[in-house]
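Participant: Just so it is clear, I am handing over run.pdb, which has PDB, C-alpha atoms.
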MODEL        1
ATOM      1  CA  MET A   1     -18.374  37.746 -21.478
ATOM      2  CA  GLU A   2     -16.833  34.399 -20.593
ATOM      3  CA  ASP A   3     -18.542  31.213 -21.666
ATOM      4  CA  PRO A   4     -20.148  29.567 -18.564
ATOM      5  CA  TYR A   5     -19.014  26.149 -19.775
ATOM      6  CA  SER A   6     -15.363  27.033 -20.369
ATOM      7  CA  VAL A   7     -13.062  24.995 -18.189
ATOM      8  CA  SER A   8     -10.463  26.929 -16.245
ATOM      9  CA  SER A   9     -10.765  25.588 -12.717
ATOM     10  CA  PRO A  10     -11.662  22.358 -10.943
ATOM     11  CA  ARG A  11     -14.753  24.025  -9.516
ATOM     12  CA  ARG A  12     -16.081  24.691 -13.006
ATOM     13  CA  ILE A  13     -15.415  21.105 -14.031
ATOM     14  CA  LEU A  14     -17.546  19.900 -11.135
ATOM     15  CA  SER A  15     -20.301  22.379 -11.922
ATOM     16  CA  MET A  16     -20.373  21.141 -15.531
ATOM     17  CA  SER A  17     -20.895  17.581 -14.350
ATOM     18  CA  LYS A  18     -23.953  18.702 -12.369
ATOM     19  CA  LYS A  19     -25.526  20.399 -15.418
ATOM     20  CA  ARG A  20     -25.857  17.231 -17.495
ATOM     21  CA  ARG A  21     -29.130  16.748 -19.242
ATOM     22  CA  ALA A  22     -31.220  13.692 -18.536
ATOM     23  CA  THR A  23     -31.310  11.272 -21.435
ATOM     24  CA  ILE A  24     -34.281   9.130 -22.254
ATOM     25  CA  SER A  25     -33.604   5.716 -23.696
ATOM     26  CA  PHE A  26     -36.202   3.424 -25.166
ATOM     27  CA  LEU A  27     -35.555  -0.217 -24.394
ATOM     28  CA  ALA A  28     -35.882  -2.866 -27.023
ATOM     29  CA  ALA A  29     -38.469  -5.620 -26.570
ATOM     30  CA  ASP A  30     -35.893  -8.208 -25.485
ATOM     31  CA  GLU A  31     -34.414  -5.817 -22.867
ATOM     32  CA  ARG A  32     -37.869  -5.105 -21.406
ATOM     33  CA  THR A  33     -38.654  -8.750 -20.829
ATOM     34  CA  SER A  34     -35.414  -9.452 -18.994
ATOM     35  CA  GLY A  35     -36.140  -6.841 -16.356
ATOM     36  CA  PHE A  36     -32.580  -5.571 -16.430
ATOM     37  CA  GLY A  37     -32.298  -2.339 -18.361
ATOM     38  CA  VAL A  38     -28.874  -1.551 -16.923
ATOM     39  CA  SER A  39     -26.312  -0.053 -19.223
ATOM     40  CA  GLY A  40     -22.552  -0.459 -18.901
ATOM     41  CA  GLU A  41     -22.279   2.734 -16.835
ATOM     42  CA  HIS A  42     -24.321   1.414 -13.923
ATOM     43  CA  GLY A  43     -23.766  -1.411 -11.503
ATOM     44  CA  PRO A  44     -20.785  -2.444  -9.437
ATOM     45  CA  LYS A  45     -17.257  -2.082 -10.716
ATOM     46  CA  PRO A  46     -15.273  -5.274 -11.305
ATOM     47  CA  SER A  47     -12.804  -4.396  -8.540
ATOM     48  CA  GLU A  48     -15.680  -4.113  -6.055
ATOM     49  CA  VAL A  49     -17.033  -7.506  -7.103
ATOM     50  CA  TYR A  50     -13.590  -9.121  -6.816
ATOM     51  CA  GLY A  51     -13.106  -7.573  -3.369
ATOM     52  CA  PHE A  52     -16.492  -8.784  -2.174
ATOM     53  CA  VAL A  53     -15.964 -12.301  -3.502
ATOM     54  CA  GLY A  54     -12.455 -12.377  -2.043
ATOM     55  CA  SER A  55     -13.627 -11.305   1.405
ATOM     56  CA  ILE A  56     -16.462 -13.836   1.447
ATOM     57  CA  THR A  57     -14.086 -16.582   0.277
ATOM     58  CA  THR A  58     -11.608 -15.680   3.013
ATOM     59  CA  VAL A  59     -14.283 -15.835   5.723
ATOM     60  CA  ILE A  60     -15.636 -19.173   4.478
ATOM     61  CA  THR A  61     -12.135 -20.659   4.211
ATOM     62  CA  THR A  62     -11.254 -19.507   7.725
ATOM     63  CA  VAL A  63     -14.435 -20.999   9.172
ATOM     64  CA  MET A  64     -13.800 -24.289   7.341
ATOM     65  CA  PHE A  65     -10.216 -24.391   8.666
ATOM     66  CA  LEU A  66     -11.333 -23.747  12.248
ATOM     67  CA  VAL A  67     -14.071 -26.397  12.033
ATOM     68  CA  TRP A  68     -11.600 -28.918  10.590
ATOM     69  CA  ALA A  69      -8.965 -28.098  13.210
ATOM     70  CA  TYR A  70     -11.111 -27.990  16.365
ATOM     71  CA  VAL A  71     -14.274 -30.062  15.907
ATOM     72  CA  PRO A  72     -13.904 -33.704  17.047
ATOM     73  CA  GLU A  73     -13.811 -36.385  14.356
ATOM     74  CA  ASP A  74     -17.018 -37.992  15.661
ATOM     75  CA  TRP A  75     -18.974 -34.818  14.949
ATOM     76  CA  LEU A  76     -17.500 -34.492  11.453
ATOM     77  CA  HIS A  77     -18.462 -38.109  10.693
ATOM     78  CA  SER A  78     -21.986 -37.522  12.046
ATOM     79  CA  ILE A  79     -22.602 -34.657   9.589
ATOM     80  CA  GLY A  80     -21.227 -36.709   6.694
ATOM     81  CA  ILE A  81     -17.671 -35.396   6.382
ATOM     82  CA  SER A  82     -15.378 -38.373   6.260
ATOM     83  CA  TYR A  83     -12.489 -37.256   4.033
ATOM     84  CA  TYR A  84     -10.244 -34.464   5.225
ATOM     85  CA  PRO A  85      -6.485 -33.926   5.662
ATOM     86  CA  SER A  86      -4.646 -35.076   8.748
ATOM     87  CA  ARG A  87      -4.871 -32.791  11.794
ATOM     88  CA  HIS A  88      -1.081 -32.718  11.752
ATOM     89  CA  TRP A  89      -1.307 -30.057   8.996
ATOM     90  CA  ALA A  90      -3.383 -27.743  11.215
ATOM     91  CA  LEU A  91      -0.213 -27.065  13.201
ATOM     92  CA  THR A  92       2.411 -27.661  10.538
ATOM     93  CA  VAL A  93       1.255 -25.160   7.894
ATOM     94  CA  PRO A  94       1.006 -22.128  10.262
ATOM     95  CA  ALA A  95       4.344 -23.071  11.856
ATOM     96  CA  TYR A  96       6.024 -23.328   8.436
ATOM     97  CA  PHE A  97       4.490 -20.010   7.450
ATOM     98  CA  MET A  98       5.755 -18.226  10.583
ATOM     99  CA  VAL A  99       9.260 -19.684  10.210
ATOM    100  CA  THR A 100       9.313 -18.622   6.549
ATOM    101  CA  VAL A 101       8.347 -15.048   7.471
ATOM    102  CA  VAL A 102      11.009 -14.850  10.216
ATOM    103  CA  LEU A 103      13.695 -16.260   7.912
ATOM    104  CA  ALA A 104      12.698 -13.866   5.100
ATOM    105  CA  LEU A 105      12.957 -10.885   7.464
ATOM    106  CA  GLY A 106      16.325 -12.094   8.748
ATOM    107  CA  PHE A 107      17.576 -12.618   5.193
ATOM    108  CA  TYR A 108      16.394  -9.134   4.177
ATOM    109  CA  ILE A 109      18.112  -7.486   7.149
ATOM    110  CA  GLY A 110      21.280  -9.498   6.475
ATOM    111  CA  LEU A 111      21.354  -8.389   2.839
ATOM    112  CA  ASN A 112      20.997  -4.766   3.944
ATOM    113  CA  PHE A 113      23.902  -5.155   6.380
ATOM    114  CA  MET A 114      26.031  -6.773   3.678
ATOM    115  CA  SER A 115      25.348  -3.999   1.155
ATOM    116  CA  THR A 116      25.984  -1.140   3.608
ATOM    117  CA  PRO A 117      29.588   0.057   3.861
ATOM    118  CA  SER A 118      31.254  -0.125   7.264
ATOM    119  CA  PRO A 119      31.381   3.023   9.427
ATOM    120  CA  THR A 120      35.141   3.344   8.857
ATOM    121  CA  SER A 121      34.827   3.230   5.064
ATOM    122  CA  LEU A 122      35.750   6.352   3.126
ATOM    123  CA  ASN A 123      32.833   5.673   0.764
ATOM    124  CA  ILE A 124      30.310   6.939   3.308
ATOM    125  CA  MET A 125      32.031  10.301   3.690
ATOM    126  CA  SER A 126      31.860  11.409   0.080
ATOM    127  CA  ASP A 127      30.959  10.081  -3.310
ATOM    128  CA  GLU A 128      30.394  11.437  -6.820
ATOM    129  CA  PHE A 129      27.063  13.002  -5.761
ATOM    130  CA  SER A 130      28.355  14.863  -2.668
ATOM    131  CA  ARG A 131      28.144  18.664  -2.700
ATOM    132  CA  GLU A 132      29.492  21.136  -0.195
ATOM    133  CA  PRO A 133      27.120  23.881   0.987
ATOM    134  CA  LEU A 134      27.412  27.209  -0.787
ATOM    135  CA  SER A 135      29.555  29.634   1.187
ATOM    136  CA  SER A 136      28.304  32.809  -0.494
ATOM    137  CA  VAL A 137      25.705  34.592   1.617
ATOM    138  CA  PRO A 138      23.437  36.926  -0.337
ATOM    139  CA  SER A 139      23.200  40.485   0.964
ATOM    140  CA  VAL A 140      19.438  40.688   1.429
ATOM    141  CA  ASP A 141      17.183  41.052   4.428
ATOM    142  CA  VAL A 142      17.050  38.186   6.905
ATOM    143  CA  ASP A 143      13.350  37.658   6.155
ATOM    144  CA  GLU A 144      13.889  37.482   2.389
ATOM    145  CA  GLN A 145      16.820  35.063   2.165
ATOM    146  CA  PRO A 146      16.329  32.302  -0.389
ATOM    147  CA  ILE A 147      16.209  28.672   0.707
ATOM    148  CA  GLU A 148      19.608  27.050   0.402
ATOM    149  CA  SER A 149      19.953  24.201  -2.048
ATOM    150  CA  ILE A 150      20.353  20.666  -0.735
ATOM    151  CA  SER A 151      23.935  19.824   0.124
ATOM    152  CA  ASP A 152      25.961  17.476   2.306
ATOM    153  CA  ILE A 153      27.507  18.500   5.589
ATOM    154  CA  GLY A 154      31.115  17.417   5.914
ATOM    155  CA  ILE A 155      32.085  14.815   8.510
ATOM    156  CA  ASN A 156      34.483  17.334  10.130
ATOM    157  CA  LYS A 157      31.634  19.745  10.835
ATOM    158  CA  ILE A 158      29.389  16.948  12.147
ATOM    159  CA  ASN A 159      32.104  15.721  14.511
ATOM    160  CA  TYR A 160      32.794  19.257  15.696
ATOM    161  CA  LEU A 161      29.102  19.966  16.345
ATOM    162  CA  MET A 162      28.483  16.648  18.102
ATOM    163  CA  PHE A 163      31.622  16.259  20.205
ATOM    164  CA  ASN A 164      33.294  19.678  20.736
ATOM    165  CA  ASN A 165      30.313  21.722  21.940
ATOM    166  CA  VAL A 166      29.712  19.688  25.087
ATOM    167  CA  ASN A 167      28.916  22.012  28.015
TER     168      ASN A 167
ENDMDL
END
Output the file's structure as structure tokens, nothing else.
Facilitator:
Amino acid sequence: MEDPYSVSSPRRILSMSKKRRATISFLAADERTSGFGVSGEHGPKPSEVYGFVGSITTVITTVMFLVWAYVPEDWLHSIGISYYPSRHWALTVPAYFMVTVVLALGFYIGLNFMSTPSPTSLNIMSDEFSREPLSSVPSVDVDEQPIESISDIGINKINYLMFNNVN
């Protein structure tokens, strides 16, 4: 008979994880007084903590930016905030950021156009990796034909299919 704990399928792996035995641990005196008997297995993962702290920091920073940008100076002085950057930067930094993004996209598209051969180039018709489709047709049933391997279709056949079969 097969061992019930032998691993041969994902379902058995999951069932093994459910059959773990409970372990009893006795805390030392210094661990009992702290009130935290948490081992390394429990608690939040570092990535979860970083994500939480990052999201809270983003919200706080956004609120601070909006208060700095839109609240009148008299109100800021009344609550004790007297040193802050010029309001000029509230418009300048987002404008610089948007221009940088647009220029980066334009530069990326331009590099792609520069590295692509022209439509009249012979390099786009064939290269060292081009393969013609196999012309041998196996003599088997239509339902049992194997899938053809990946190959390139010649430009002559493409032109014929696109431009000569117009009804």
Participant: To one decimal place in Å, what is the distance between atom CA of Asn112 of chain A and atom CA of Gly154 of chain A?
Facilitator: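 That distance, rounded to one decimal, is 24.5 Å.
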Participant: Given the file above and the PyMOL selection byres ((chain A and resi 152) around 8), which residues are selected, and can you give them as a list in words?
Facilitator: Ser130, Arg131, Glu132, Pro133, Ile150, Ser151, Ile153 and Gly154 of chain A
Participant: Write the selection just made, keeping C-alpha atoms, as a CSV table (one decimal), in the coordinates of the input?
Facilitator:
chain,number,residue,atom,x,y,z
A,130,SER,CA,28.4,14.9,-2.7
A,131,ARG,CA,28.1,18.7,-2.7
A,132,GLU,CA,29.5,21.1,-0.2
A,133,PRO,CA,27.1,23.9,1.0
A,150,ILE,CA,20.4,20.7,-0.7
A,151,SER,CA,23.9,19.8,0.1
A,153,ILE,CA,27.5,18.5,5.6
A,154,GLY,CA,31.1,17.4,5.9
Participant: Record the distance separating atom CA of Val53 of chain A and atom CA of Leu91 of chain A, expressed in Å with one decimal.
Facilitator: 27.3 Å
Participant: Give the answer as one residue: which of A:Thr57, A:Arg87, A:Thr100, A:Tyr160 has the shortest atom-to-atom distance to Tyr70 of chain A, using all atoms listed in the file?
Facilitator: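 Of all the options, A:Arg87 lies closest to Tyr70 of chain A.
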Participant: Given only C-alpha atoms as the basis, pick out the residue of A:Ile155, A:Gly51, A:Ala90, A:Phe129 nearest to Leu66 of chain A.
Facilitator: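 Smallest separation from Leu66 of chain A among the options: A:Ala90.
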Participant: Expressed in Å to a single decimal, how great is the separation between atom CA of Tyr96 of chain A and atom CA of Thr61 of chain A?
Facilitator: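 Atom CA of Thr61 of chain A lies at a distance of 18.8 Å from atom CA of Tyr96 of chain A.
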Participant: Once you add 8 Å to each side, what are the centre and edge lengths of the axis-aligned box holding all listed atoms of segment 60-67 of chain A? One decimal in Å, as AutoDock Vina command-line options, if you can.
Facilitator:
--center_x -12.9 --center_y -22.8 --center_z 8.2 --size_x 21.4 --size_y 23.2 --size_z 24.0
Participant: Missing atoms in segment 91-102 of chain A need filling: write out all heavy atoms for it as a PDB file, in the frame of the given file.
Facilitator:
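Once everything was written out, this is out00.pdb:
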ATOM      1  N   LEU A  91      -1.316 -27.716  12.490  1.00  0.00           N
ATOM      2  CA  LEU A  91      -0.213 -27.065  13.201  1.00  0.00           C
ATOM      3  C   LEU A  91       0.989 -26.827  12.296  1.00  0.00           C
ATOM      4  O   LEU A  91       1.703 -25.839  12.442  1.00  0.00           O
ATOM      5  CB  LEU A  91       0.224 -27.925  14.391  1.00  0.00           C
ATOM      6  CG  LEU A  91      -0.780 -28.059  15.520  1.00  0.00           C
ATOM      7  CD1 LEU A  91      -0.261 -29.028  16.565  1.00  0.00           C
ATOM      8  CD2 LEU A  91      -1.060 -26.706  16.130  1.00  0.00           C
ATOM      9  N   THR A  92       1.208 -27.729  11.361  1.00  0.00           N
ATOM     10  CA  THR A  92       2.411 -27.661  10.538  1.00  0.00           C
ATOM     11  C   THR A  92       2.401 -26.470   9.578  1.00  0.00           C
ATOM     12  O   THR A  92       3.397 -25.758   9.469  1.00  0.00           O
ATOM     13  CB  THR A  92       2.568 -28.966   9.739  1.00  0.00           C
ATOM     14  OG1 THR A  92       2.534 -30.055  10.651  1.00  0.00           O
ATOM     15  CG2 THR A  92       3.848 -28.987   8.967  1.00  0.00           C
ATOM     16  N   VAL A  93       1.301 -26.243   8.883  1.00  0.00           N
ATOM     17  CA  VAL A  93       1.255 -25.160   7.894  1.00  0.00           C
ATOM     18  C   VAL A  93       1.442 -23.786   8.549  1.00  0.00           C
ATOM     19  O   VAL A  93       2.278 -22.991   8.082  1.00  0.00           O
ATOM     20  CB  VAL A  93      -0.053 -25.239   7.067  1.00  0.00           C
ATOM     21  CG1 VAL A  93      -0.225 -24.004   6.201  1.00  0.00           C
ATOM     22  CG2 VAL A  93      -0.064 -26.494   6.216  1.00  0.00           C
ATOM     23  N   PRO A  94       0.725 -23.431   9.631  1.00  0.00           N
ATOM     24  CA  PRO A  94       1.006 -22.128  10.262  1.00  0.00           C
ATOM     25  C   PRO A  94       2.427 -22.019  10.810  1.00  0.00           C
ATOM     26  O   PRO A  94       3.045 -20.952  10.726  1.00  0.00           O
ATOM     27  CB  PRO A  94      -0.012 -22.038  11.398  1.00  0.00           C
ATOM     28  CG  PRO A  94      -1.107 -22.946  11.004  1.00  0.00           C
ATOM     29  CD  PRO A  94      -0.455 -24.052  10.242  1.00  0.00           C
ATOM     30  N   ALA A  95       2.970 -23.123  11.342  1.00  0.00           N
ATOM     31  CA  ALA A  95       4.344 -23.071  11.856  1.00  0.00           C
ATOM     32  C   ALA A  95       5.330 -22.847  10.719  1.00  0.00           C
ATOM     33  O   ALA A  95       6.258 -22.031  10.844  1.00  0.00           O
ATOM     34  CB  ALA A  95       4.673 -24.371  12.593  1.00  0.00           C
ATOM     35  N   TYR A  96       5.151 -23.553   9.592  1.00  0.00           N
ATOM     36  CA  TYR A  96       6.024 -23.328   8.436  1.00  0.00           C
ATOM     37  C   TYR A  96       5.912 -21.899   7.932  1.00  0.00           C
ATOM     38  O   TYR A  96       6.908 -21.275   7.560  1.00  0.00           O
ATOM     39  CB  TYR A  96       5.677 -24.289   7.305  1.00  0.00           C
ATOM     40  CG  TYR A  96       6.220 -25.682   7.462  1.00  0.00           C
ATOM     41  CD1 TYR A  96       5.745 -26.714   6.666  1.00  0.00           C
ATOM     42  CD2 TYR A  96       7.214 -25.990   8.380  1.00  0.00           C
ATOM     43  CE1 TYR A  96       6.231 -28.005   6.792  1.00  0.00           C
ATOM     44  CE2 TYR A  96       7.702 -27.266   8.520  1.00  0.00           C
ATOM     45  CZ  TYR A  96       7.211 -28.271   7.725  1.00  0.00           C
ATOM     46  OH  TYR A  96       7.695 -29.530   7.846  1.00  0.00           O
ATOM     47  N   PHE A  97       4.703 -21.376   7.914  1.00  0.00           N
ATOM     48  CA  PHE A  97       4.490 -20.010   7.450  1.00  0.00           C
ATOM     49  C   PHE A  97       5.215 -19.003   8.348  1.00  0.00           C
ATOM     50  O   PHE A  97       5.886 -18.093   7.856  1.00  0.00           O
ATOM     51  CB  PHE A  97       2.994 -19.696   7.401  1.00  0.00           C
ATOM     52  CG  PHE A  97       2.691 -18.302   6.959  1.00  0.00           C
ATOM     53  CD1 PHE A  97       2.842 -17.924   5.642  1.00  0.00           C
ATOM     54  CD2 PHE A  97       2.257 -17.352   7.878  1.00  0.00           C
ATOM     55  CE1 PHE A  97       2.577 -16.634   5.231  1.00  0.00           C
ATOM     56  CE2 PHE A  97       1.989 -16.055   7.483  1.00  0.00           C
ATOM     57  CZ  PHE A  97       2.142 -15.696   6.154  1.00  0.00           C
ATOM     58  N   MET A  98       5.093 -19.160   9.662  1.00  0.00           N
ATOM     59  CA  MET A  98       5.755 -18.226  10.583  1.00  0.00           C
ATOM     60  C   MET A  98       7.274 -18.315  10.472  1.00  0.00           C
ATOM     61  O   MET A  98       7.971 -17.291  10.483  1.00  0.00           O
ATOM     62  CB  MET A  98       5.298 -18.485  12.014  1.00  0.00           C
ATOM     63  CG  MET A  98       3.869 -18.053  12.265  1.00  0.00           C
ATOM     64  SD  MET A  98       3.368 -18.101  13.985  1.00  0.00           S
ATOM     65  CE  MET A  98       3.607 -19.790  14.416  1.00  0.00           C
ATOM     66  N   VAL A  99       7.812 -19.520  10.354  1.00  0.00           N
ATOM     67  CA  VAL A  99       9.260 -19.684  10.210  1.00  0.00           C
ATOM     68  C   VAL A  99       9.729 -19.057   8.901  1.00  0.00           C
ATOM     69  O   VAL A  99      10.779 -18.404   8.849  1.00  0.00           O
ATOM     70  CB  VAL A  99       9.653 -21.178  10.300  1.00  0.00           C
ATOM     71  CG1 VAL A  99      11.079 -21.402   9.862  1.00  0.00           C
ATOM     72  CG2 VAL A  99       9.439 -21.680  11.711  1.00  0.00           C
ATOM     73  N   THR A 100       8.952 -19.222   7.834  1.00  0.00           N
ATOM     74  CA  THR A 100       9.313 -18.622   6.549  1.00  0.00           C
ATOM     75  C   THR A 100       9.347 -17.105   6.645  1.00  0.00           C
ATOM     76  O   THR A 100      10.256 -16.464   6.124  1.00  0.00           O
ATOM     77  CB  THR A 100       8.312 -19.067   5.465  1.00  0.00           C
ATOM     78  OG1 THR A 100       8.307 -20.489   5.395  1.00  0.00           O
ATOM     79  CG2 THR A 100       8.666 -18.489   4.114  1.00  0.00           C
ATOM     80  N   VAL A 101       8.376 -16.505   7.318  1.00  0.00           N
ATOM     81  CA  VAL A 101       8.347 -15.048   7.471  1.00  0.00           C
ATOM     82  C   VAL A 101       9.553 -14.571   8.276  1.00  0.00           C
ATOM     83  O   VAL A 101      10.228 -13.604   7.909  1.00  0.00           O
ATOM     84  CB  VAL A 101       7.025 -14.592   8.118  1.00  0.00           C
ATOM     85  CG1 VAL A 101       7.087 -13.139   8.565  1.00  0.00           C
ATOM     86  CG2 VAL A 101       5.867 -14.805   7.161  1.00  0.00           C
ATOM     87  N   VAL A 102       9.868 -15.245   9.380  1.00  0.00           N
ATOM     88  CA  VAL A 102      11.009 -14.850  10.216  1.00  0.00           C
ATOM     89  C   VAL A 102      12.318 -14.985   9.437  1.00  0.00           C
ATOM     90  O   VAL A 102      13.178 -14.093   9.479  1.00  0.00           O
ATOM     91  CB  VAL A 102      11.034 -15.678  11.524  1.00  0.00           C
ATOM     92  CG1 VAL A 102      12.336 -15.489  12.267  1.00  0.00           C
ATOM     93  CG2 VAL A 102       9.863 -15.285  12.413  1.00  0.00           C
TER      94      VAL A 102
END
